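S.K.: One file: entry-v6.csv (CSV, C-alpha atoms and all ligand atoms).
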chain,number,residue,atom,x,y,z
G,29,MET,CA,9.3,-7.6,-30.4
G,30,GLY,CA,6.1,-9.2,-29.0
G,31,VAL,CA,5.1,-8.8,-25.4
G,32,ALA,CA,5.9,-12.5,-24.7
G,33,HIS,CA,9.5,-12.1,-25.9
G,34,ARG,CA,10.4,-9.2,-23.7
G,35,ARG,CA,13.9,-9.0,-22.2
G,36,LEU,CA,13.8,-8.8,-18.5
G,37,VAL,CA,15.9,-7.5,-15.6
G,38,ILE,CA,15.0,-8.7,-12.1
G,39,LEU,CA,16.2,-6.5,-9.2
G,40,GLY,CA,16.0,-8.1,-5.8
G,41,ALA,CA,15.9,-11.5,-7.5
G,42,THR,CA,16.7,-13.4,-4.3
G,43,GLY,CA,13.7,-12.0,-2.4
G,44,THR,CA,10.2,-13.4,-2.1
G,45,VAL,CA,8.9,-11.5,-5.1
G,46,GLY,CA,12.0,-12.0,-7.2
G,47,CYS,CA,12.0,-15.8,-6.6
G,48,GLN,CA,8.2,-16.0,-7.2
G,49,ALA,CA,8.7,-14.3,-10.6
G,50,LEU,CA,11.3,-16.7,-11.7
G,51,ASP,CA,9.4,-19.7,-10.6
G,52,LEU,CA,6.3,-18.4,-12.4
G,53,LEU,CA,8.2,-17.8,-15.7
G,54,GLU,CA,9.6,-21.3,-15.5
G,55,ARG,CA,6.3,-22.9,-14.7
G,56,ALA,CA,4.7,-21.0,-17.6
G,57,GLY,CA,7.5,-22.0,-20.0
G,58,SER,CA,7.7,-18.3,-20.7
G,59,PRO,CA,9.8,-17.1,-23.6
G,60,LEU,CA,10.7,-13.9,-21.6
G,61,ARG,CA,14.5,-13.8,-21.4
G,62,VAL,CA,16.2,-12.8,-18.2
G,63,LEU,CA,19.2,-10.6,-19.0
G,64,ALA,CA,20.3,-9.6,-15.5
G,65,LEU,CA,19.6,-10.4,-11.8
G,66,SER,CA,20.5,-8.6,-8.6
G,67,ALA,CA,20.7,-9.3,-4.9
G,68,HIS,CA,22.2,-7.3,-2.2
G,69,ARG,CA,24.6,-9.5,-0.2
G,70,ARG,CA,23.5,-13.1,-0.7
G,71,GLU,CA,25.8,-14.4,-3.4
G,72,ALA,CA,25.1,-18.2,-3.2
G,73,PRO,CA,21.3,-17.9,-3.8
G,74,LEU,CA,21.9,-15.3,-6.6
G,75,ARG,CA,24.3,-17.7,-8.3
G,76,ALA,CA,21.7,-20.5,-8.0
G,77,LEU,CA,19.1,-18.3,-9.7
G,78,ALA,CA,21.5,-17.1,-12.4
G,79,ALA,CA,22.2,-20.8,-13.2
G,80,ARG,CA,18.5,-21.1,-14.2
G,81,CYS,CA,18.8,-18.1,-16.6
G,82,PRO,CA,21.4,-18.9,-19.3
G,83,GLY,CA,23.6,-15.9,-20.1
G,84,ALA,CA,22.2,-13.7,-17.3
G,85,ALA,CA,24.5,-11.1,-15.7
G,86,MET,CA,24.6,-11.0,-11.9
G,87,PHE,CA,25.0,-8.0,-9.6
G,88,LEU,CA,25.5,-7.8,-5.9
G,89,THR,CA,24.5,-4.2,-5.0
G,90,SER,CA,26.4,-4.3,-1.6
G,91,ARG,CA,29.5,-4.1,-3.8
G,92,ALA,CA,30.1,-0.5,-4.9
G,93,GLU,CA,31.4,-1.6,-8.3
G,94,ASP,CA,28.3,-3.8,-9.0
G,95,HIS,CA,26.0,-1.0,-7.7
G,96,GLU,CA,27.4,1.4,-10.3
G,97,ARG,CA,27.5,-1.1,-13.1
G,98,LEU,CA,23.8,-2.1,-12.5
G,99,LEU,CA,22.8,1.6,-12.6
G,100,GLU,CA,24.6,2.0,-15.9
G,101,LEU,CA,22.9,-1.1,-17.3
G,102,LEU,CA,19.5,0.2,-16.3
G,103,LEU,CA,20.2,3.7,-17.7
G,104,ALA,CA,21.5,2.4,-21.0
G,105,GLY,CA,18.0,0.9,-21.5
G,106,ASP,CA,19.0,-2.3,-23.5
G,107,TYR,CA,16.1,-4.3,-22.0
G,108,ASP,CA,12.3,-4.2,-22.2
G,109,VAL,CA,11.0,-4.7,-18.7
G,110,CYS,CA,12.5,-4.3,-15.2
G,111,LEU,CA,10.9,-6.1,-12.3
G,112,GLN,CA,11.9,-3.9,-9.3
G,113,ALA,CA,11.7,-6.2,-6.3
G,114,MET,CA,14.4,-4.8,-4.0
G,115,VAL,CA,13.3,-4.0,-0.5
G,116,GLY,CA,13.6,-0.5,1.1
G,117,ALA,CA,14.6,3.0,0.2
G,118,ALA,CA,17.8,1.7,-1.4
G,119,GLY,CA,15.6,0.8,-4.5
G,120,LEU,CA,14.9,4.4,-5.4
G,121,PRO,CA,17.9,5.2,-7.6
G,122,PHE,CA,17.4,1.9,-9.5
G,123,SER,CA,13.7,2.7,-10.2
G,124,ALA,CA,14.7,6.2,-11.3
G,125,ALA,CA,17.3,4.8,-13.7
G,126,VAL,CA,14.7,2.5,-15.4
G,127,LEU,CA,12.2,5.4,-15.7
G,128,GLY,CA,15.0,7.7,-17.0
G,129,ALA,CA,15.7,5.1,-19.7
G,130,GLY,CA,12.0,5.2,-20.6
G,131,ARG,CA,11.5,1.5,-19.9
G,132,HIS,CA,8.6,-0.6,-18.5
G,133,LEU,CA,8.9,-0.7,-14.7
G,134,ALA,CA,7.0,-3.6,-13.0
G,135,LEU,CA,7.2,-2.0,-9.6
G,136,ALA,CA,7.1,-4.0,-6.4
G,137,ASN,CA,9.5,-1.7,-4.5
G,138,LYS,CA,6.7,0.6,-3.2
G,139,GLU,CA,9.3,2.5,-1.2
G,140,SER,CA,10.3,4.2,-4.5
G,141,LEU,CA,6.9,5.9,-4.8
G,142,VAL,CA,6.6,6.5,-1.0
G,143,LEU,CA,9.8,8.4,-1.1
G,144,ALA,CA,9.7,10.2,-4.4
G,145,GLY,CA,6.4,9.5,-6.2
G,146,GLY,CA,6.1,13.0,-7.6
G,147,ILE,CA,9.6,13.0,-9.0
G,148,LEU,CA,9.3,9.5,-10.5
G,149,MET,CA,5.9,9.9,-12.1
G,150,GLU,CA,7.1,13.2,-13.7
G,151,LEU,CA,10.2,11.4,-15.0
G,152,ALA,CA,8.0,8.6,-16.4
G,153,ALA,CA,5.8,11.2,-18.1
G,154,ARG,CA,8.8,12.9,-19.7
G,155,THR,CA,10.5,9.7,-21.0
G,156,GLY,CA,7.4,7.8,-21.9
G,157,ALA,CA,8.2,5.0,-19.3
G,158,VAL,CA,5.4,2.8,-18.1
G,159,VAL,CA,4.9,2.1,-14.4
G,160,VAL,CA,2.8,-1.0,-13.6
G,161,PRO,CA,2.4,-1.8,-9.9
G,162,VAL,CA,3.1,-5.3,-8.5
G,163,ASP,CA,1.6,-4.6,-5.1
G,164,SER,CA,-1.6,-6.7,-5.3
G,165,GLU,CA,-3.8,-3.8,-4.1
G,166,HIS,CA,-2.5,-1.4,-6.7
G,167,SER,CA,-2.5,-4.1,-9.4
G,168,ALA,CA,-6.2,-4.6,-8.6
G,169,ILE,CA,-6.9,-0.8,-8.9
G,170,HIS,CA,-4.8,-0.6,-12.1
G,171,GLN,CA,-6.9,-3.5,-13.6
G,172,CYS,CA,-10.2,-1.9,-12.5
G,173,LEU,CA,-9.3,1.5,-13.9
G,174,ALA,CA,-8.0,0.1,-17.2
G,175,GLY,CA,-7.1,3.6,-18.4
G,176,ARG,CA,-10.3,5.3,-17.2
G,177,ALA,CA,-10.1,9.0,-16.7
G,178,ARG,CA,-9.3,10.3,-13.2
G,179,SER,CA,-12.5,12.4,-13.4
G,180,GLU,CA,-14.6,9.2,-13.4
G,181,VAL,CA,-13.1,8.0,-10.1
G,182,LYS,CA,-14.7,8.9,-6.8
G,183,ARG,CA,-12.8,6.8,-4.3
G,184,LEU,CA,-10.3,4.0,-4.0
G,185,TYR,CA,-10.6,1.3,-1.4
G,186,LEU,CA,-7.4,-0.6,-0.4
G,187,THR,CA,-8.0,-3.9,1.3
G,188,ALA,CA,-5.9,-5.0,4.2
G,189,SER,CA,-5.7,-8.5,5.7
G,190,GLY,CA,-4.9,-7.1,9.2
G,191,GLY,CA,-1.7,-9.0,9.4
G,192,ALA,CA,-0.4,-11.6,11.8
G,193,LEU,CA,-1.7,-10.0,15.0
G,194,ARG,CA,-5.2,-9.1,13.9
G,195,ASP,CA,-6.8,-11.3,16.6
G,196,LEU,CA,-4.3,-10.8,19.4
G,197,PRO,CA,-5.9,-9.1,22.5
G,198,LEU,CA,-4.8,-5.5,22.4
G,199,CYS,CA,-3.2,-5.8,25.9
G,200,GLN,CA,-0.7,-8.4,24.5
G,201,LEU,CA,0.6,-6.2,21.6
G,202,GLU,CA,3.3,-4.8,23.9
G,203,SER,CA,5.0,-8.2,24.3
G,204,VAL,CA,4.8,-9.4,20.7
G,205,THR,CA,7.9,-11.3,19.5
G,206,PRO,CA,9.3,-11.2,15.9
G,207,VAL,CA,8.1,-14.8,15.4
G,208,GLN,CA,4.5,-13.8,16.2
G,209,ALA,CA,4.6,-10.7,13.9
G,210,LEU,CA,6.2,-12.7,11.1
G,211,ALA,CA,3.4,-15.4,11.0
G,212,HIS,CA,1.2,-13.8,8.3
G,213,PRO,CA,-2.1,-15.6,8.0
G,214,ASN,CA,-2.5,-15.2,4.2
G,215,TRP,CA,0.7,-14.0,2.4
G,216,SER,CA,4.2,-15.3,2.4
G,217,MET,CA,6.5,-12.2,2.1
G,218,GLY,CA,9.8,-10.8,3.2
G,219,PRO,CA,10.3,-9.8,6.9
G,220,ARG,CA,10.0,-6.1,6.5
G,221,ILE,CA,6.7,-6.0,4.7
G,222,THR,CA,5.3,-8.8,7.0
G,223,VAL,CA,5.9,-6.7,10.1
G,224,ASP,CA,4.5,-3.6,8.2
G,225,SER,CA,1.4,-5.7,7.5
G,226,ALA,CA,0.9,-6.4,11.2
G,227,THR,CA,1.2,-2.7,12.1
G,228,MET,CA,-0.6,-1.6,8.9
G,229,MET,CA,2.3,0.7,8.2
G,230,ASN,CA,2.3,-1.2,4.9
G,231,LYS,CA,-1.2,0.2,4.2
G,232,ALA,CA,-0.1,3.7,5.2
G,233,PHE,CA,2.6,3.4,2.5
G,234,GLU,CA,0.1,2.1,0.0
G,235,ILE,CA,-2.1,5.2,0.5
G,236,LEU,CA,0.9,7.3,-0.7
G,237,GLU,CA,1.6,4.8,-3.4
G,238,ALA,CA,-2.0,5.0,-4.7
G,239,GLU,CA,-2.0,8.8,-4.7
G,240,HIS,CA,1.1,8.9,-6.9
G,241,LEU,CA,0.2,6.0,-9.2
G,242,PHE,CA,-3.4,7.0,-9.9
G,243,GLY,CA,-3.5,10.7,-9.2
G,244,VAL,CA,-6.2,10.3,-6.6
G,245,PRO,CA,-5.7,12.5,-3.5
G,246,ALA,CA,-5.1,10.5,-0.3
G,247,ARG,CA,-8.3,11.8,1.3
G,248,HIS,CA,-10.2,9.8,-1.4
G,249,VAL,CA,-8.3,6.6,-0.6
G,250,ARG,CA,-10.0,4.5,2.1
G,251,VAL,CA,-8.8,1.3,3.8
G,252,LEU,CA,-11.0,-1.8,4.5
G,253,GLN,CA,-9.9,-4.7,6.6
G,254,HIS,CA,-10.7,-7.8,4.6
G,255,ARG,CA,-9.5,-11.0,6.3
G,256,GLN,CA,-9.6,-13.3,3.3
G,257,SER,CA,-7.3,-11.3,1.0
G,258,VAL,CA,-9.4,-12.3,-2.0
G,259,VAL,CA,-10.7,-8.9,-3.1
G,260,HIS,CA,-7.4,-7.1,-3.7
G,261,SER,CA,-8.9,-3.6,-3.8
G,262,LEU,CA,-12.0,-1.7,-5.1
G,263,VAL,CA,-12.7,1.4,-7.2
G,264,GLU,CA,-15.8,3.5,-6.7
G,265,LEU,CA,-16.7,5.5,-9.8
G,266,VAL,CA,-18.6,8.8,-9.8
G,267,ASP,CA,-21.8,7.0,-10.8
G,268,GLY,CA,-21.6,4.9,-7.7
G,269,SER,CA,-20.6,1.6,-9.4
G,270,VAL,CA,-18.0,-0.3,-7.4
G,271,LEU,CA,-15.4,-2.4,-9.3
G,272,ALA,CA,-13.3,-5.1,-7.6
G,273,GLN,CA,-10.5,-7.3,-8.7
G,274,MET,CA,-10.4,-10.8,-7.1
G,275,GLY,CA,-8.2,-13.8,-6.9
G,276,PRO,CA,-6.3,-16.0,-4.4
G,277,PRO,CA,-3.7,-14.4,-2.2
G,278,ASP,CA,-0.8,-15.2,-4.5
G,279,MET,CA,1.7,-12.6,-5.8
G,280,SER,CA,2.1,-14.7,-9.0
G,281,PHE,CA,-1.0,-13.0,-10.4
G,282,PRO,CA,0.1,-9.3,-10.1
G,283,ILE,CA,3.6,-10.2,-11.0
G,284,HIS,CA,2.4,-11.9,-14.2
G,285,TYR,CA,0.1,-9.0,-15.0
G,286,ALA,CA,2.9,-6.4,-14.5
G,287,LEU,CA,5.4,-8.2,-16.6
G,288,HIS,CA,3.1,-8.6,-19.6
G,289,TYR,CA,1.0,-5.4,-19.4
G,290,PRO,CA,-0.8,-4.3,-21.5
G,291,ALA,CA,-1.3,-7.8,-23.0
G,292,ARG,CA,-3.1,-10.6,-21.2
G,293,VAL,CA,-1.0,-13.7,-21.6
G,294,PRO,CA,-2.1,-17.2,-20.5
G,295,ALA,CA,-0.7,-18.2,-17.1
G,296,PRO,CA,-0.6,-21.5,-15.2
G,297,LEU,CA,-2.7,-20.0,-12.4
G,298,GLU,CA,-6.2,-20.8,-11.2
G,299,GLY,CA,-8.2,-17.6,-10.3
G,300,TYR,CA,-11.6,-18.8,-9.1
G,301,SER,CA,-11.8,-20.9,-6.0
G,302,PRO,CA,-15.2,-21.9,-4.5
G,303,ARG,CA,-13.6,-22.4,-1.1
G,304,LEU,CA,-11.8,-19.1,-1.0
G,305,PHE,CA,-14.6,-17.1,-2.5
G,306,ALA,CA,-17.3,-18.5,-0.3
G,307,GLN,CA,-17.2,-15.8,2.3
G,308,LEU,CA,-15.9,-12.3,2.0
G,309,ASN,CA,-16.0,-9.8,4.9
G,310,PHE,CA,-15.1,-6.1,5.1
G,311,GLU,CA,-14.6,-4.1,8.3
G,312,GLU,CA,-13.2,-0.7,9.3
G,313,PRO,CA,-9.7,-1.2,10.7
G,314,ASP,CA,-9.5,-0.5,14.5
G,315,PRO,CA,-7.4,2.7,15.0
G,316,GLU,CA,-6.3,1.4,18.4
G,317,ARG,CA,-4.8,-1.8,17.0
G,318,TYR,CA,-3.3,0.0,14.0
G,319,PRO,CA,-2.2,3.5,15.0
G,320,ALA,CA,0.4,3.4,12.1
G,321,LEU,CA,-2.4,3.5,9.5
G,322,ALA,CA,-3.3,7.2,10.1
G,323,LEU,CA,0.4,8.2,9.4
G,324,GLY,CA,-0.2,7.5,5.7
G,325,TRP,CA,-2.9,10.3,5.4
G,326,ARG,CA,-0.8,12.5,7.6
G,327,ALA,CA,2.3,12.1,5.5
G,328,ALA,CA,0.2,12.8,2.3
G,329,GLU,CA,-1.1,16.0,3.9
G,330,LEU,CA,2.4,17.1,4.9
G,331,GLY,CA,3.7,16.3,1.4
G,332,GLY,CA,7.3,17.0,0.3
G,333,ALA,CA,9.8,14.7,2.1
G,334,ALA,CA,7.2,13.3,4.6
G,335,GLY,CA,6.9,10.0,2.7
G,336,ALA,CA,10.7,9.5,2.8
G,337,VAL,CA,10.8,10.4,6.4
G,338,LEU,CA,8.0,8.0,7.3
G,339,ASN,CA,9.6,5.2,5.4
G,340,ALA,CA,13.1,5.8,6.9
G,341,ALA,CA,11.7,5.9,10.4
G,342,ASP,CA,9.8,2.6,9.8
G,343,GLU,CA,12.9,0.9,8.4
G,344,VAL,CA,14.9,1.8,11.5
G,345,ALA,CA,12.0,0.9,13.9
G,346,VAL,CA,11.3,-2.5,12.2
G,347,ALA,CA,15.0,-3.4,12.1
G,348,GLY,CA,15.1,-2.5,15.8
G,349,PHE,CA,12.1,-4.7,16.6
G,350,LEU,CA,13.5,-7.7,14.6
G,351,GLU,CA,16.8,-7.3,16.4
G,352,GLY,CA,15.0,-7.3,19.8
G,353,GLN,CA,15.9,-3.7,20.5
G,354,LEU,CA,12.5,-2.1,20.3
G,355,PRO,CA,9.1,-3.3,21.5
G,356,TYR,CA,6.6,-3.9,18.8
G,357,SER,CA,4.1,-1.4,20.2
G,358,GLU,CA,6.8,1.4,19.8
G,359,ILE,CA,7.2,1.0,16.0
G,360,PRO,CA,4.3,3.4,15.3
G,361,SER,CA,5.5,5.9,18.0
G,362,VAL,CA,9.0,6.1,16.6
G,363,CYS,CA,7.5,6.8,13.1
G,364,ALA,CA,4.9,9.3,14.4
G,365,GLU,CA,7.5,11.2,16.5
G,366,THR,CA,9.9,11.3,13.6
G,367,LEU,CA,7.2,12.7,11.3
G,368,ASP,CA,6.2,15.3,14.0
G,369,ALA,CA,9.8,16.5,14.1
G,370,LEU,CA,10.1,16.9,10.3
G,371,PRO,CA,11.8,20.2,9.6
G,372,PRO,CA,11.0,22.1,6.4
G,373,LEU,CA,13.3,20.0,4.2
G,374,PRO,CA,13.4,20.5,0.4
G,375,ALA,CA,12.1,17.6,-1.7
G,376,ALA,CA,12.6,18.7,-5.3
G,377,THR,CA,15.3,16.3,-6.3
G,378,LEU,CA,16.5,12.8,-5.5
G,379,ALA,CA,19.4,14.3,-3.6
G,380,ASP,CA,16.9,16.2,-1.4
G,381,ILE,CA,15.1,13.0,-0.8
G,382,ALA,CA,18.3,11.2,0.2
G,383,ALA,CA,19.1,14.0,2.6
G,384,ALA,CA,15.6,13.7,4.2
G,385,ASP,CA,16.0,10.0,4.4
G,386,ALA,CA,19.4,10.4,6.2
G,387,TRP,CA,17.9,13.0,8.6
G,388,ALA,CA,15.0,10.7,9.5
G,389,ARG,CA,17.2,7.6,10.1
G,390,GLN,CA,19.4,9.5,12.5
G,391,HIS,CA,16.3,10.9,14.3
G,392,ALA,CA,14.6,7.5,14.5
G,393,ARG,CA,17.8,5.8,15.7
G,394,ALA,CA,18.1,8.3,18.6
G,395,LEU,CA,14.4,7.6,19.5
G,396,ARG,CA,15.0,3.9,19.3
G,397,THR,CA,17.9,4.0,21.6
G,398,ALA,CA,16.0,6.1,24.1
G,399,LEU,CA,13.1,3.6,24.1
G,400,ARG,CA,15.2,0.5,24.6
G,501,LIG,N1,6.7,-10.2,-0.7
G,501,LIG,C1,5.5,-9.8,-1.2
G,501,LIG,O1,4.6,-10.6,-1.3
G,501,LIG,C2,5.3,-8.4,-1.5
G,501,LIG,C3,4.0,-7.9,-1.9
G,501,LIG,C4,3.8,-6.6,-2.2
G,501,LIG,C5,4.9,-5.7,-2.3
G,501,LIG,N2,6.2,-6.2,-2.0
G,501,LIG,C6,7.3,-5.2,-2.0
G,501,LIG,O2,8.3,-5.8,-2.9
G,501,LIG,C7,9.6,-5.5,-2.4
G,501,LIG,C8,10.4,-6.7,-2.1
G,501,LIG,O3,9.7,-7.4,-1.1
G,501,LIG,P1,10.2,-8.9,-0.7
G,501,LIG,O4,9.1,-9.3,0.3
G,501,LIG,O5,10.4,-9.7,-1.9
G,501,LIG,O6,11.6,-8.6,0.1
G,501,LIG,P2,12.7,-9.7,0.5
G,501,LIG,O7,12.1,-11.1,0.4
G,501,LIG,O8,13.2,-9.2,1.8
G,501,LIG,O9,13.8,-9.5,-0.6
G,501,LIG,C9,14.4,-8.3,-0.8
G,501,LIG,C10,15.4,-8.3,-2.0
G,501,LIG,O10,16.0,-7.1,-2.0
G,501,LIG,C11,17.4,-7.3,-1.9
G,501,LIG,N3,17.9,-6.2,-1.0
G,501,LIG,C12,17.9,-6.1,0.3
G,501,LIG,N4,18.5,-5.0,0.8
G,501,LIG,C13,18.9,-4.3,-0.4
G,501,LIG,C14,19.5,-3.1,-0.6
G,501,LIG,N5,19.9,-2.3,0.4
G,501,LIG,N6,19.8,-2.7,-1.8
G,501,LIG,C15,19.4,-3.4,-2.9
G,501,LIG,N7,18.8,-4.6,-2.8
G,501,LIG,C16,18.5,-5.0,-1.5
G,501,LIG,C17,17.6,-8.6,-1.3
G,501,LIG,O11,18.9,-9.1,-1.5
G,501,LIG,P3,19.6,-10.2,-0.5
G,501,LIG,O12,18.9,-11.5,-0.7
G,501,LIG,O13,21.0,-10.3,-1.0
G,501,LIG,O14,19.5,-9.6,0.9
G,501,LIG,C18,16.5,-9.4,-1.9
G,501,LIG,O15,16.9,-9.8,-3.2
G,501,LIG,C19,9.4,-4.6,-1.2
G,501,LIG,O16,9.4,-3.3,-1.5
G,501,LIG,C20,8.0,-5.0,-0.7
G,501,LIG,O17,7.3,-3.9,0.0
G,501,LIG,C21,6.4,-7.5,-1.6
Will you turn the file into C-alpha cells for me?
Ligand SMILES: NC(=O)c1ccc[n+]([C@@H]2O[C@H](COP(=O)([O-])OP(=O)(O)OC[C@H]3O[C@@H](n4cnc5c(N)ncnc54)[C@H](OP(=O)(O)O)[C@@H]3O)[C@@H](O)[C@H]2O)c1

M.R.:
Amino acid sequence: MGVAHRRLVILGATGTVGCQALDLLERAGSPLRVLALSAHRREAPLRALAARCPGAAMFLTSRAEDHERLLELLLAGDYDVCLQAMVGAAGLPFSAAVLGAGRHLALANKESLVLAGGILMELAARTGAVVVPVDSEHSAIHQCLAGRARSEVKRLYLTASGGALRDLPLCQLESVTPVQALAHPNWSMGPRITVDSATMMNKAFEILEAEHLFGVPARHVRVLQHRQSVVHSLVELVDGSVLAQMGPPDMSFPIHYALHYPARVPAPLEGYSPRLFAQLNFEEPDPERYPALALGWRAAELGGAAGAVLNAADEVAVAGFLEGQLPYSEIPSVCAETLDALPPLPAATLADIAAADAWARQHARALRTALR
C-alpha cells in the first residue's frame, strides 16, 4: 500500500491537534482512510468528527470498556499509522500498544516519551515500529537530521516562543489569571500545553523528549527563545554547520510530515512568508521568568522515573492553577519540590512508571493544598 493510502487511527481526535489533522486531510482531499477516532469524555464532538469519516469506529476512553477495546485494536495492528494526540500521561499505554504492534506512531503526546522514553524507544527498536514526532521542534530536528548518524551531531537547539507571559513584568507573575496564561501569542493549542508554554515547562519536557527521540544527551540540548516561532529548531553538526527548519507557526506542517513520513506528499500549505520571515530573533531564556525550564535538565540527570514524576506534578499543578486553586508562580515550585522528594523508585517497566506517576500526583496534591 502506498504512503498516501495509509489507514489511520486518530487518538485524541477532539483536541487541537486531532481536529487540525482531520481538517488538513479534508482540505488536501487526502486518500488516507480514518479507521478509528478517540476522545476522552466529549461524545458530541467525537460523533461530529466520526460523521466526517465514513465507517470510522469511535472510542470514548473514559469508558472502561472502550478503553480496553481501543487498546486491543491498537495491539492487533490492523492499521498503518496512529496519530497519538491525547493529552497527558494517560496516553502512555496507547503509545506502547502502537509500538508493540510495530506500527508507525505519529507522536504528539510528548508525555509518553517524558514518562517512559527509554522503554518506548527500546520497544520500537524490537518491533520495528517507527516513531515520528509531531511536536514542531522535534519535527524540525527530525527533518534536519534526516537519518544522519548521531556521531555527526554536536548540539540540538530547541526554540521557544516564550509563551503568553513573556513580556509581563516579573512582579506581576504572581497574580496571573488563567485567561492571561492561555492567551498564546503564536500558537493555538490545548489548555495544558498553553500554560506549559508560559512557564516553559513544555520546553523542559521537550529536552527529555529530544534525548529519547534522537539519542542526544540532555546536556547537549540547548533552548533559545525565539519570539516569531518561525525557526522550529536547529541542529549543530560536529563540523560547526547549523541546520534549521522553518515555516509558519502552524501544526498542520508537522502533522502532515509525521503522517506521511518518509514520503514528501503535496500539501495545501504555504511555507514561505516574506512578512513572517522578515525578522528572526534569538535570545537566552531568562531563568528568573522561567524557573521550570531547568527542571528538564535536572530530570534528565536524575533519570529513571524522574520524567514521570515531573510530568505528574505539572499535571496536578496546572489543573490547580486553571481551577483557581494554585497561584501561577507556584506551578514550578510544586514541580521542583516533588522532584526533590523523589524516592529511589524503580522505572524498568510501564507498571513501575505508573506507580511513580501515582506517587508524584499524591505528593503534588498535598503541596498544592498546602499552598492554597
Ligand atoms: N496543540 C498543539 O498545538 C500541540 C503542539 C505540540 C504538541 N502537542 C501535544 O499534543 C497532545 C495533545 O495536545 P492538544 O493541545 O491537542 O490537547 P487538547 O486540545 O487538550 O486535546 C486533548 C485530547 O485528548 C483527549 N483526552 C483528554 N484527557 C484524556 C485522557 N485522560 N485519556 C485519553 N484521552 C484524553 C481529549 O478528549 P476530550 O475532548 O473528550 O476531552 C482530546 O481529544 C499533548 O500531548 C500536547 O503536549 C500539542

S.K.: Write out, as CSV, each residue of chain G that has an atom at most 7 Å from ligand LIG 501 (chain G), together with the closest pair of atoms and their distance in Å to one decimal, counting all atoms listed in the file, rows going by chain and rising number.

M.R.:
residue,atom,partner,partner_atom,distance
G:Leu39,CA,G:LIG501,O15,6.9
G:Gly40,CA,G:LIG501,O15,3.2
G:Ala41,CA,G:LIG501,O15,4.7
G:Thr42,CA,G:LIG501,O15,3.8
G:Gly43,CA,G:LIG501,O9,3.1
G:Thr44,CA,G:LIG501,O5,3.7
G:Val45,CA,G:LIG501,O5,4.0
G:Gly46,CA,G:LIG501,O5,6.0
G:Ser66,CA,G:LIG501,O15,6.6
G:Ala67,CA,G:LIG501,O11,3.9
G:His68,CA,G:LIG501,O13,3.4
G:Arg69,CA,G:LIG501,O13,3.8
G:Arg70,CA,G:LIG501,O13,3.8
G:Glu71,CA,G:LIG501,O13,6.8
G:Thr89,CA,G:LIG501,C15,5.6
G:Ser90,CA,G:LIG501,N6,6.8
G:Ala113,CA,G:LIG501,C8,4.4
G:Met114,CA,G:LIG501,O10,3.4
G:Val115,CA,G:LIG501,C19,4.0
G:Gly116,CA,G:LIG501,O16,5.7
G:Ala118,CA,G:LIG501,N6,4.8
G:Gly119,CA,G:LIG501,C15,5.9
G:Ala136,CA,G:LIG501,O2,4.1
G:Asn137,CA,G:LIG501,O16,3.4
G:Lys138,CA,G:LIG501,O16,5.0
G:Glu139,CA,G:LIG501,O16,5.8
G:Val162,CA,G:LIG501,C5,6.5
G:Asp163,CA,G:LIG501,C4,4.2
G:Ser164,CA,G:LIG501,C4,6.2
G:Trp215,CA,G:LIG501,O1,6.4
G:Ser216,CA,G:LIG501,O1,6.0
G:Met217,CA,G:LIG501,N1,3.4
G:Gly218,CA,G:LIG501,O4,3.3
G:Pro219,CA,G:LIG501,O8,5.9
G:Arg220,CA,G:LIG501,O8,6.5
G:Ile221,CA,G:LIG501,O17,5.2
G:Met279,CA,G:LIG501,O1,5.7

S.K.: For Gly268 of chain G, which of G:Val181, G:His170, G:Leu77, G:Glu351 is the closest residue, counting all atoms listed in the file?

M.R.: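 Closest to Gly268 of chain G of all the choices is G:Val181.
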
S.K.: To one decimal place, how far is atom CA of Gly175 of chain G from atom CA of Arg255 of chain G in Å?

M.R.: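 One can read the atom CA of Gly175 of chain G to atom CA of Arg255 of chain G distance as 28.8 Å.
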
S.K.: Just checking: using all atoms listed in the file, which residue out of G:Leu50, G:Leu287, G:Ala345, G:Ala188 ends up closest to Ile359 of chain G?

M.R.: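 So, comparing all the options, the nearest one is G:Ala345.
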
S.K.: May I ask which of the residues G:Leu98, G:Val223, G:Leu63, G:Ala238 is the closest one to Val160 of chain G, counting only C-alpha atoms?

M.R.: G:Ala238

S.K.: What is the atom CA of Ile147 of chain G to atom CA of Arg247 of chain G distance in Å?

M.R.: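 These atoms are spaced 20.7 Å apart.
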
S.K.: Using only C-alpha atoms, determine which residues lie at most 12 Å from Ala246 of chain G, disregarding the query and same-chain residues fewer than 6 positions distant; provide the list as an mmCIF file with C-alpha atoms, keeping the file's coordinate frame.

M.R.:
data_model
loop_
_atom_site.group_PDB
_atom_site.id
_atom_site.type_symbol
_atom_site.label_atom_id
_atom_site.label_comp_id
_atom_site.auth_asym_id
_atom_site.auth_seq_id
_atom_site.Cartn_x
_atom_site.Cartn_y
_atom_site.Cartn_z
ATOM 1 C CA LYS G 182 -14.700 8.900 -6.800
ATOM 2 C CA ARG G 183 -12.800 6.800 -4.300
ATOM 3 C CA LEU G 184 -10.300 4.000 -4.000
ATOM 4 C CA TYR G 185 -10.600 1.300 -1.400
ATOM 5 C CA LEU G 186 -7.400 -0.600 -0.400
ATOM 6 C CA LYS G 231 -1.200 0.200 4.200
ATOM 7 C CA ALA G 232 -0.100 3.700 5.200
ATOM 8 C CA PHE G 233 2.600 3.400 2.500
ATOM 9 C CA GLU G 234 0.100 2.100 0.000
ATOM 10 C CA ILE G 235 -2.100 5.200 0.500
ATOM 11 C CA LEU G 236 0.900 7.300 -0.700
ATOM 12 C CA GLU G 237 1.600 4.800 -3.400
ATOM 13 C CA ALA G 238 -2.000 5.000 -4.700
ATOM 14 C CA GLU G 239 -2.000 8.800 -4.700
ATOM 15 C CA HIS G 240 1.100 8.900 -6.900
ATOM 16 C CA ALA G 322 -3.300 7.200 10.100
ATOM 17 C CA LEU G 323 0.400 8.200 9.400
ATOM 18 C CA GLY G 324 -0.200 7.500 5.700
ATOM 19 C CA TRP G 325 -2.900 10.300 5.400
ATOM 20 C CA ARG G 326 -0.800 12.500 7.600
ATOM 21 C CA ALA G 327 2.300 12.100 5.500
ATOM 22 C CA ALA G 328 0.200 12.800 2.300
ATOM 23 C CA GLU G 329 -1.100 16.000 3.900
ATOM 24 C CA LEU G 330 2.400 17.100 4.900
ATOM 25 C CA GLY G 331 3.700 16.300 1.400
#

S.K.: Restricting the calculation to only C-alpha atoms, which member of G:Val344, G:Ala336, G:Ile381, G:Leu304 is positioned closest to Ala394 of chain G?

M.R.: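 Smallest distance to Ala394 of chain G is found for G:Val344.
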